[in-house]
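Q: Before we start, here is the structure in question, set down as structure tokens.
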Amino acid sequence: VSTQSTGLHCTHSMDSVFGFVGKDYVLLAADGSANRSIYSITQEQDKIMRLDDTKLLVGAGEYGDVDQFTNYIQKNVHLYNFRTGVQLSTRAAAHFTRGELATALRQNPYSCNILLAGVDPVGVEVVEGEKREIGGPSLYWMDYLASLNKLNYGAHGYISYFLLSLLDKYYKIGMTKREGLELVNICIDQLKRRFIINMPRYVVKILKTDGTFEVLHTGEDSHVPLSD
């Protein structure tokens with residue numbers, strides 16, 4: 001059921017989604033819970049969508065809006081590639097997504113908050129005579145009001161009340177993959193201890209600059225396995 005026709009919004013949701021940028025990768029994590037009212041429907045839902053070979057997208061909000069909007073973005077990214085033969089950069093995909101949220105905001109708003117992650121070829125561009133490095137891993141944060149920010153880490157849902165302070169304390173630029181997975185486990189431990197909602201299963205997806213893609217699941221101890 002979509003809330004688009006009603007114009008109703010929830011600034012926070014029960015979805016647990018967060019992500020951050022590492023040394024040569026970008027990581028997104030999301031819970032596997034799908035709940036309705038007082039019911040738990042499933043703990044096996046995969047909320048992280050793969051836009052293409054270099055980008056991941058995860059939404060938090062009303063399930064109907066999230067499903068409709070994220071699928072709309074995915075199909076339009078594919079359509080652009082089919083028509084032009086050009087793959088959108090992560091920055092371009094983020095601005096396209098933000099533009100669609102802004103357009104909908106003035107017509108039939110979506111109750112959908114977004115984290116968009118991707119990796120791009122590393123290069124150098126010259127801006128006003130100054131050279132700067134572009135590409136590599138990146139993470140973009142968007143909310144249902146069409147705000148857009150490029151961040152090193154971000155979260156959506158009620159878990160942001162818990163995790164943003166943790167990420168602020170433990171996140172560091174240039175973290176290795178193992179350090180990043182350790183940070184994920186710290187975040188999950190804190191949610192298990194402090195968050196009133198039980199979310200026993202998480203999915204973690206990692207995109208690396210060498211083109212590899214990994215999917216990890218929490219085990220019986222609710223931790224993701226560590227690897228280099």
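In the structure tokens, the first chain shown is A, the next is B, and so on; residue numbers restart at 1 for each chain, and ligands run from 1 in the order shown.
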Just the strand (DSSP E or B) stuff from segment 50-80 of chain A, please, per backbone DSSP, written as a list in words.

A: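 Secondary structure check on segment 50-80 of chain A, strand (DSSP E or B): Arg50, Leu51, Asp52, Lys55, Leu56, Leu57, Val58, Gly59, Ala60 and Gly61 of chain A.
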
Q: Hey, which bits of segment 18-73 of chain A sit within 12 Å of segment 106-125 of chain A, and for each residue what's the closest pair of atoms and how far apart in Å (one decimal), counting only C-alpha atoms, rows by chain and increasing number, as CSV?

A:
residue,atom,partner,partner_atom,distance
A:Phe18,CA,A:Leu115,CA,7.7
A:Gly19,CA,A:Leu115,CA,7.7
A:Phe20,CA,A:Ala117,CA,8.5
A:Val21,CA,A:Ala117,CA,8.5
A:Gly22,CA,A:Val119,CA,10.9
A:Lys23,CA,A:Val119,CA,11.4
A:Asp24,CA,A:Val119,CA,8.7
A:Tyr25,CA,A:Val119,CA,7.3
A:Val26,CA,A:Ala117,CA,6.5
A:Leu27,CA,A:Ala117,CA,7.5
A:Leu28,CA,A:Ala117,CA,7.4
A:Ala29,CA,A:Leu115,CA,10.2
A:Ala30,CA,A:Leu115,CA,10.7
A:Lys47,CA,A:Ile114,CA,11.2
A:Ile48,CA,A:Leu115,CA,9.5
A:Met49,CA,A:Leu116,CA,9.6
A:Arg50,CA,A:Ala117,CA,9.6
A:Leu51,CA,A:Leu116,CA,9.2
A:Asp52,CA,A:Gly118,CA,9.3
A:Asp53,CA,A:Gly118,CA,8.9
A:Thr54,CA,A:Gly118,CA,5.4
A:Lys55,CA,A:Gly118,CA,4.1
A:Leu56,CA,A:Ala117,CA,5.1
A:Leu57,CA,A:Leu116,CA,4.6
A:Val58,CA,A:Leu115,CA,5.4
A:Gly59,CA,A:Ile114,CA,4.6
A:Ala60,CA,A:Asn113,CA,5.1
A:Gly61,CA,A:Cys112,CA,4.8
A:Glu62,CA,A:Ser111,CA,5.8
A:Tyr63,CA,A:Cys112,CA,8.5
A:Gly64,CA,A:Ser111,CA,8.9
A:Asp65,CA,A:Tyr110,CA,5.7
A:Val66,CA,A:Cys112,CA,5.4
A:Asp67,CA,A:Cys112,CA,9.1
A:Gln68,CA,A:Tyr110,CA,9.1
A:Phe69,CA,A:Tyr110,CA,7.5
A:Thr70,CA,A:Ile114,CA,8.7
A:Tyr72,CA,A:Tyr110,CA,11.9
A:Ile73,CA,A:Leu116,CA,11.0

Q: Nearest residue to Ser227 of chain A out of A:Thr103, A:Glu214, A:Ala94, A:Leu181, using only C-alpha atoms?

A: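 Closest residue, counting only C-alpha atoms: A:Leu181.
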
Q: Identify which of the residues A:Ser16, A:Gln74, A:Gln87, A:Ser33 lies closest to Ile188 of chain A, counting only C-alpha atoms when measuring atom-to-atom distances.

A: A:Ser16

Q: Could you tell me which of A:Ser37, A:Val184, A:Asp15, A:Asp228 comes closest to Ile159 of chain A if we count only C-alpha atoms?

A: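 Among the listed residues, A:Asp15 lies closest to Ile159 of chain A.
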
Q: Please report, as a PyMOL selection string, each residue of chain A to which DSSP assigns alpha helix (DSSP H) when run on this structure's backbone.

A: chain A and resi 63-84+90-105+160-170+177-194

Q: At what distance in Å, to one decimal, does atom CA of Thr97 of chain A lie from atom CA of Met175 of chain A?

A: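 The value is 27.7 Å.
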
Q: So how far away is atom CA of Cys187 of chain A from atom CA of Ile41 of chain A, in Å?

A: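 Atom-to-atom, atom CA of Ile41 of chain A to atom CA of Cys187 of chain A, that is 23.9 Å.
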
Q: Have a look at A:Ala102, A:Val127, A:Tyr161, A:Lys169 and name the one nearest to Leu145 of chain A; count only C-alpha atoms.

A: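 Once distances to Leu145 of chain A are computed over only C-alpha atoms, the minimum belongs to A:Ala102.
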
Q: Please provide as a VMD selection string all residues within 9 Å of Phe162 of chain A, with the sequence filter that same-chain residues fewer than 3 positions apart are discarded (counting only C-alpha atoms).

A: chain A and resid 158 to 159 165 to 166 187 190 to 191 194 to 195

Q: Provide the atom CA of Gly135 of chain A to atom CA of Val17 of chain A distance in Å, to one decimal place.

A: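 Between atom CA of Gly135 of chain A and atom CA of Val17 of chain A the gap works out to 23.9 Å.
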
Q: Using only C-alpha atoms for the distances, tell me which of A:Arg91, A:Leu183, A:Met199, A:Glu128 is nearest to Asn149 of chain A.

A: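 Closest residue, counting only C-alpha atoms: A:Arg91.
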
Q: Show me, as a count of residues only, the residues that have an atom within 9 Å of segment 216-226 of chain A when counting only C-alpha atoms, minus same-chain residues fewer than 2 positions from it.

A: 20

Q: Nearest residue to Lys150 of chain A out of A:Thr212, A:Ser89, A:Arg83, A:Ser138, using only C-alpha atoms?

A: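 Among the listed residues, the smallest separation from Lys150 of chain A belongs to A:Ser138.
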